[in-house]
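input.cif (mmCIF, C-alpha atoms) appears below.
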```cif
data_input
#
loop_
_atom_site.group_PDB
_atom_site.id
_atom_site.type_symbol
_atom_site.label_atom_id
_atom_site.label_comp_id
_atom_site.auth_asym_id
_atom_site.auth_seq_id
_atom_site.Cartn_x
_atom_site.Cartn_y
_atom_site.Cartn_z
ATOM 1 C CA MET A 1 -66.885 -74.809 -45.100
ATOM 2 C CA LYS A 2 -69.493 -72.272 -46.031
ATOM 3 C CA VAL A 3 -73.076 -73.456 -45.520
ATOM 4 C CA VAL A 4 -75.999 -71.728 -47.236
ATOM 5 C CA LEU A 5 -79.557 -72.437 -46.081
ATOM 6 C CA ALA A 6 -82.761 -71.037 -47.558
ATOM 7 C CA LEU A 7 -85.714 -70.477 -45.230
ATOM 8 C CA GLY A 8 -89.369 -70.122 -46.161
ATOM 9 C CA SER A 9 -92.697 -69.950 -44.354
ATOM 10 C CA ASN A 10 -96.258 -69.331 -45.482
ATOM 11 C CA VAL A 11 -98.338 -70.810 -42.653
ATOM 12 C CA GLY A 12 -98.907 -69.241 -39.253
ATOM 13 C CA HIS A 13 -96.677 -66.472 -37.933
ATOM 14 C CA ARG A 14 -94.270 -66.411 -40.860
ATOM 15 C CA PHE A 15 -91.768 -63.843 -39.594
ATOM 16 C CA GLU A 16 -91.610 -65.255 -36.067
ATOM 17 C CA THR A 17 -91.083 -68.716 -37.530
ATOM 18 C CA LEU A 18 -88.162 -67.516 -39.657
ATOM 19 C CA GLN A 19 -86.573 -65.820 -36.643
ATOM 20 C CA GLY A 20 -87.057 -68.953 -34.568
ATOM 21 C CA ALA A 21 -85.445 -71.024 -37.302
ATOM 22 C CA VAL A 22 -82.391 -68.738 -37.431
ATOM 23 C CA ASP A 23 -82.025 -69.052 -33.657
ATOM 24 C CA ALA A 24 -82.535 -72.839 -33.630
ATOM 25 C CA LEU A 25 -80.197 -73.614 -36.535
ATOM 26 C CA PHE A 26 -77.271 -71.998 -34.738
ATOM 27 C CA ASP A 27 -78.230 -73.046 -31.192
ATOM 28 C CA ALA A 28 -76.222 -76.276 -31.227
ATOM 29 C CA PRO A 29 -72.455 -76.475 -31.671
ATOM 30 C CA GLY A 30 -70.810 -77.052 -35.022
ATOM 31 C CA LEU A 31 -72.478 -74.388 -37.147
ATOM 32 C CA ASP A 32 -71.325 -70.793 -36.727
ATOM 33 C CA PHE A 33 -73.483 -67.881 -37.845
ATOM 34 C CA VAL A 34 -72.086 -65.610 -40.572
ATOM 35 C CA ALA A 35 -75.017 -63.614 -41.989
ATOM 36 C CA VAL A 36 -78.759 -63.462 -42.498
ATOM 37 C CA SER A 37 -80.445 -61.806 -45.461
ATOM 38 C CA PRO A 38 -83.284 -59.336 -45.497
ATOM 39 C CA VAL A 39 -86.760 -60.883 -45.571
ATOM 40 C CA TYR A 40 -88.543 -61.120 -48.914
ATOM 41 C CA GLU A 41 -92.188 -61.812 -49.577
ATOM 42 C CA THR A 42 -92.615 -64.134 -52.522
ATOM 43 C CA GLU A 43 -95.346 -65.714 -54.553
ATOM 44 C CA PRO A 44 -95.588 -69.507 -54.205
ATOM 45 C CA VAL A 45 -94.009 -71.539 -57.011
ATOM 46 C CA GLY A 46 -94.653 -75.062 -58.195
ATOM 47 C CA GLY A 47 -98.366 -74.944 -58.930
ATOM 48 C CA PRO A 48 -101.417 -75.878 -56.854
ATOM 49 C CA PRO A 49 -102.737 -75.601 -54.292
ATOM 50 C CA ASP A 50 -103.636 -71.935 -53.924
ATOM 51 C CA GLN A 51 -101.778 -70.631 -50.910
ATOM 52 C CA ARG A 52 -100.550 -67.573 -49.053
ATOM 53 C CA ASN A 53 -97.336 -65.778 -50.053
ATOM 54 C CA TYR A 54 -94.094 -66.891 -48.441
ATOM 55 C CA PHE A 55 -91.620 -65.011 -46.344
ATOM 56 C CA ASN A 56 -88.135 -66.085 -47.443
ATOM 57 C CA ALA A 57 -84.601 -65.456 -46.237
ATOM 58 C CA VAL A 58 -81.144 -66.983 -46.602
ATOM 59 C CA VAL A 59 -78.671 -67.662 -43.825
ATOM 60 C CA VAL A 60 -74.979 -68.291 -44.248
ATOM 61 C CA GLY A 61 -72.948 -70.199 -41.719
ATOM 62 C CA ARG A 62 -69.584 -71.902 -41.434
ATOM 63 C CA THR A 63 -68.651 -75.312 -40.114
ATOM 64 C CA MET A 64 -65.427 -77.128 -39.532
ATOM 65 C CA THR A 65 -67.028 -80.234 -38.019
ATOM 66 C CA LEU A 66 -70.442 -80.934 -39.560
ATOM 67 C CA GLY A 67 -70.872 -82.870 -42.757
ATOM 68 C CA PRO A 68 -73.756 -82.455 -45.188
ATOM 69 C CA ARG A 69 -75.822 -85.244 -43.575
ATOM 70 C CA ALA A 70 -75.565 -83.616 -40.129
ATOM 71 C CA ILE A 71 -76.579 -80.257 -41.602
ATOM 72 C CA LEU A 72 -79.576 -81.876 -43.303
ATOM 73 C CA GLU A 73 -80.571 -83.621 -40.062
ATOM 74 C CA ARG A 74 -80.358 -80.325 -38.159
ATOM 75 C CA SER A 75 -82.451 -78.598 -40.833
ATOM 76 C CA LEU A 76 -85.127 -81.314 -40.745
ATOM 77 C CA SER A 77 -85.179 -81.236 -36.947
ATOM 78 C CA VAL A 78 -85.741 -77.465 -36.953
ATOM 79 C CA GLU A 79 -88.523 -77.844 -39.528
ATOM 80 C CA SER A 80 -90.165 -80.463 -37.324
ATOM 81 C CA ALA A 81 -89.850 -78.276 -34.226
ATOM 82 C CA PHE A 82 -91.859 -75.612 -36.056
ATOM 83 C CA GLY A 83 -94.614 -78.026 -37.055
ATOM 84 C CA ARG A 84 -93.574 -78.856 -40.616
ATOM 85 C CA VAL A 85 -95.792 -81.583 -42.062
ATOM 86 C CA ARG A 86 -95.040 -83.024 -45.500
ATOM 87 C CA GLU A 87 -98.515 -83.674 -46.867
ATOM 88 C CA GLU A 88 -98.248 -82.603 -50.489
ATOM 89 C CA PRO A 89 -95.426 -81.493 -52.770
ATOM 90 C CA TRP A 90 -95.287 -77.731 -53.233
ATOM 91 C CA GLY A 91 -97.925 -77.348 -50.512
ATOM 92 C CA PRO A 92 -98.104 -74.741 -47.758
ATOM 93 C CA ARG A 93 -95.637 -75.101 -44.903
ATOM 94 C CA THR A 94 -94.912 -73.637 -41.529
ATOM 95 C CA LEU A 95 -91.196 -73.843 -42.262
ATOM 96 C CA ASP A 96 -88.995 -75.009 -45.088
ATOM 97 C CA VAL A 97 -85.220 -75.195 -44.608
ATOM 98 C CA ASP A 98 -83.367 -76.070 -47.808
ATOM 99 C CA VAL A 99 -79.667 -76.910 -47.788
ATOM 100 C CA ILE A 100 -78.437 -74.910 -50.778
ATOM 101 C CA MET A 101 -74.743 -75.668 -50.524
ATOM 102 C CA VAL A 102 -72.094 -77.046 -48.186
ATOM 103 C CA GLY A 103 -68.687 -75.759 -49.221
ATOM 104 C CA ASP A 104 -67.923 -76.786 -52.772
ATOM 105 C CA LEU A 105 -69.287 -80.301 -52.261
ATOM 106 C CA MET A 106 -71.256 -81.856 -55.078
ATOM 107 C CA SER A 107 -73.465 -84.898 -54.552
ATOM 108 C CA ASP A 108 -76.208 -86.759 -56.411
ATOM 109 C CA ASP A 109 -77.513 -88.432 -53.245
ATOM 110 C CA PRO A 110 -81.331 -88.507 -53.624
ATOM 111 C CA GLU A 111 -81.758 -87.501 -49.972
ATOM 112 C CA LEU A 112 -79.419 -84.507 -50.265
ATOM 113 C CA THR A 113 -78.391 -83.335 -53.717
ATOM 114 C CA LEU A 114 -75.654 -80.702 -53.511
ATOM 115 C CA PRO A 115 -75.794 -78.019 -54.482
ATOM 116 C CA HIS A 116 -79.582 -77.804 -54.269
ATOM 117 C CA PRO A 117 -80.780 -78.874 -57.726
ATOM 118 C CA LEU A 118 -83.225 -75.972 -58.212
ATOM 119 C CA ALA A 119 -81.432 -73.132 -56.424
ATOM 120 C CA HIS A 120 -80.125 -71.635 -59.674
ATOM 121 C CA GLU A 121 -83.736 -71.220 -60.890
ATOM 122 C CA ARG A 122 -85.191 -69.698 -57.738
ATOM 123 C CA ALA A 123 -85.215 -65.937 -57.392
ATOM 124 C CA PHE A 124 -86.549 -66.361 -53.839
ATOM 125 C CA VAL A 125 -83.200 -68.003 -52.972
ATOM 126 C CA LEU A 126 -80.785 -66.038 -55.149
ATOM 127 C CA VAL A 127 -82.111 -62.519 -54.447
ATOM 128 C CA PRO A 128 -81.711 -62.707 -50.650
ATOM 129 C CA TRP A 129 -78.429 -64.615 -50.964
ATOM 130 C CA ALA A 130 -76.965 -61.930 -53.221
ATOM 131 C CA GLN A 131 -77.898 -59.291 -50.634
ATOM 132 C CA ILE A 132 -75.541 -60.802 -48.060
ATOM 133 C CA ASP A 133 -72.828 -62.263 -50.291
ATOM 134 C CA ARG A 134 -72.213 -60.283 -53.491
ATOM 135 C CA GLU A 135 -69.398 -62.659 -54.493
ATOM 136 C CA ALA A 136 -71.449 -65.842 -53.903
ATOM 137 C CA VAL A 137 -70.859 -68.773 -56.214
ATOM 138 C CA LEU A 138 -73.091 -71.829 -56.512
ATOM 139 C CA PRO A 139 -70.802 -74.815 -57.169
ATOM 140 C CA GLY A 140 -71.180 -76.142 -60.690
ATOM 141 C CA ARG A 141 -73.414 -73.211 -61.711
ATOM 142 C CA GLY A 142 -71.402 -70.023 -61.329
ATOM 143 C CA SER A 143 -71.908 -66.667 -59.696
ATOM 144 C CA VAL A 144 -75.198 -65.880 -58.011
ATOM 145 C CA ALA A 145 -75.123 -62.383 -59.517
ATOM 146 C CA GLY A 146 -74.711 -63.870 -62.995
ATOM 147 C CA MET A 147 -77.607 -66.274 -62.486
ATOM 148 C CA LEU A 148 -79.790 -63.448 -61.214
ATOM 149 C CA SER A 149 -79.141 -61.338 -64.297
ATOM 150 C CA GLY A 150 -80.996 -63.873 -66.436
ATOM 151 C CA LEU A 151 -83.754 -64.718 -63.960
ATOM 152 C CA ASP A 152 -87.257 -63.280 -63.693
ATOM 153 C CA GLN A 153 -87.442 -61.586 -60.285
ATOM 154 C CA LYS A 154 -91.108 -60.679 -60.535
ATOM 155 C CA GLY A 155 -92.974 -61.908 -57.467
ATOM 156 C CA VAL A 156 -90.055 -61.291 -55.057
ATOM 157 C CA TRP A 157 -90.511 -58.204 -52.865
ATOM 158 C CA LEU A 158 -88.208 -56.858 -50.181
ATOM 159 C CA ARG A 159 -89.919 -56.434 -46.812
ATOM 160 C CA PRO A 160 -87.963 -53.540 -45.270
ATOM 161 C CA ASP A 161 -90.335 -53.578 -42.282
ATOM 162 C CA LEU A 162 -89.047 -57.036 -41.248
ATOM 163 C CA ALA A 163 -85.463 -57.640 -40.132
ATOM 164 C CA LEU A 164 -84.228 -60.980 -38.856
ATOM 165 C CA GLN A 165 -81.706 -60.772 -36.052
ATOM 166 C CA PRO A 166 -78.551 -62.852 -35.622
ATOM 167 C CA PRO A 167 -79.052 -65.780 -33.250
ATOM 168 C CA ASP A 168 -78.657 -65.144 -29.520
#
```
This entry written out as structure tokens:
Amino acid sequence: MKVVLALGSNVGHRFETLQGAVDALFDAPGLDFVAVSPVYETEPVGGPPDQRNYFNAVVVGRTMTLGPRAILERSLSVESAFGRVREEPWGPRTLDVDVIMVGDLMSDDPELTLPHPLAHERAFVLVPWAQIDREAVLPGRGSVAGMLSGLDQKGVWLRPDLALQPPD
């Protein structure tokens, strides 16, 4: 199954945190690395508080053994390892790892809704994802390219000076 994860950081050493997250997500067995997007700098969304811009990227992996719950647990563990504290919704964070999709699975589980319920509205997810998978489809929503064509991409800037590397 294809696994798509969105990464974001706006506290501390943002780029180094994203690189560390890429390495950590694929360090354990069960999730194989496929691709990592370019890094984008993005304005925060969701309202207050005032905060620094994010660095965002998308990683694509494949699994034959991990289910959605195991992928979520790995994502939360990596967030925790990088000091993620959940103090306020939409607040600043050292690392955010969102599970965007796991294969074509659809779920209304409140702990892990699949596909991610807001991914189709988020240019900071769709722009980097489209860079590494031009044929990407978000289950139940359609093609990423099609969603992007109707989405405001203002506030999403490519950072050509920053390039994440595949995991070791």
Could you tell me which residues the PyMOL selection byres ((chain A and resi 99-114) around 7) returns for this structure, as a PDB file with C-alpha atoms, in the coordinates of the input?
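expr.pdb was written with the following content:
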```pdb
ATOM      1  CA  MET A   1     -66.885 -74.809 -45.100  1.00  0.00           C
ATOM      2  CA  LYS A   2     -69.493 -72.272 -46.031  1.00  0.00           C
ATOM      3  CA  VAL A   3     -73.076 -73.456 -45.520  1.00  0.00           C
ATOM      4  CA  VAL A   4     -75.999 -71.728 -47.236  1.00  0.00           C
ATOM      5  CA  LEU A   5     -79.557 -72.437 -46.081  1.00  0.00           C
ATOM      6  CA  ALA A   6     -82.761 -71.037 -47.558  1.00  0.00           C
ATOM      7  CA  PRO A  68     -73.756 -82.455 -45.188  1.00  0.00           C
ATOM      8  CA  LEU A  72     -79.576 -81.876 -43.303  1.00  0.00           C
ATOM      9  CA  VAL A  97     -85.220 -75.195 -44.608  1.00  0.00           C
ATOM     10  CA  ASP A  98     -83.367 -76.070 -47.808  1.00  0.00           C
ATOM     11  CA  PRO A 115     -75.794 -78.019 -54.482  1.00  0.00           C
ATOM     12  CA  HIS A 116     -79.582 -77.804 -54.269  1.00  0.00           C
ATOM     13  CA  PRO A 117     -80.780 -78.874 -57.726  1.00  0.00           C
ATOM     14  CA  ALA A 119     -81.432 -73.132 -56.424  1.00  0.00           C
ATOM     15  CA  PRO A 139     -70.802 -74.815 -57.169  1.00  0.00           C
TER      16      PRO A 139
END
```
task = Rank nothing, just name the residue among A:Phe82, A:Phe15, A:Phe33, A:Phe55 nearest to Pro166 (chain A), using only C-alpha atoms.
result =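 Result for the nearest residue to Pro166 (chain A): A:Phe33.
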ask   = So how many Å separate CA of Val156 (chain A) and CA of Leu18 (chain A), to one decimal?
value =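 For CA of Val156 (chain A) relative to CA of Leu18 (chain A), the distance reads 16.7 Å.
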task = Starting from the displayed file, determine the output of the PyMOL selection byres ((chain A and resi 25) around 12) and express the residue list as a PyMOL selection string.
result = chain A and resi 3-7+17-24+26-33+36+59-62+70-79+81-82+97-99+166-168
Could you put an axis-aligned box around every listed atom of region 61-69 of chain A, padded by 4 Å on each side, and send me its centre and edge lengths in Å to one decimal, as lines of an AutoDock Vina configuration file?
```
center_x = -70.6
center_y = -77.7
center_z = -41.6
size_x = 18.4
size_y = 23.0
size_z = 15.2
```
request  = Pick out the residues sitting within 6 Å of region 38-46 of chain A, and hand them over as a PyMOL selection string; count all atoms listed in the file, and ignore anything fewer than 2 positions along from it in its own chain.
outcome  = chain A and resi 53-57+90+155-159
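CA of Val11 (chain A) is found 8.9 Å from CA of Gln51 (chain A).
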request  = Just give me the gap between CA of Ala145 (chain A) and CA of Leu118 (chain A) in Å, one decimal is fine.
outcome  =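 Separation of CA of Ala145 (chain A) and CA of Leu118 (chain A): 15.9 Å.
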message = Need the shell around Leu138 (chain A): protein/DNA/RNA residues with any atom at most 8 Å away, counting all atoms listed in the file. Skip same-chain ones fewer than 2 positions apart. Format as an MDAnalysis selection string?
response = chainID A and resid 101 115 120 136 140:144
task = Check what the PyMOL selection byres ((chain A and resi 148) around 9) selects in the file above and give those residues as a PyMOL selection string.
result = chain A and resi 120-123+126-127+130+143-147+149-153
Option closest in space to Glu88 (chain A), from A:Pro49, A:Gly67, A:Asp133, A:Gly12 [counting all atoms listed in the file] =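 Of all the options, A:Pro49 lies closest to Glu88 (chain A).
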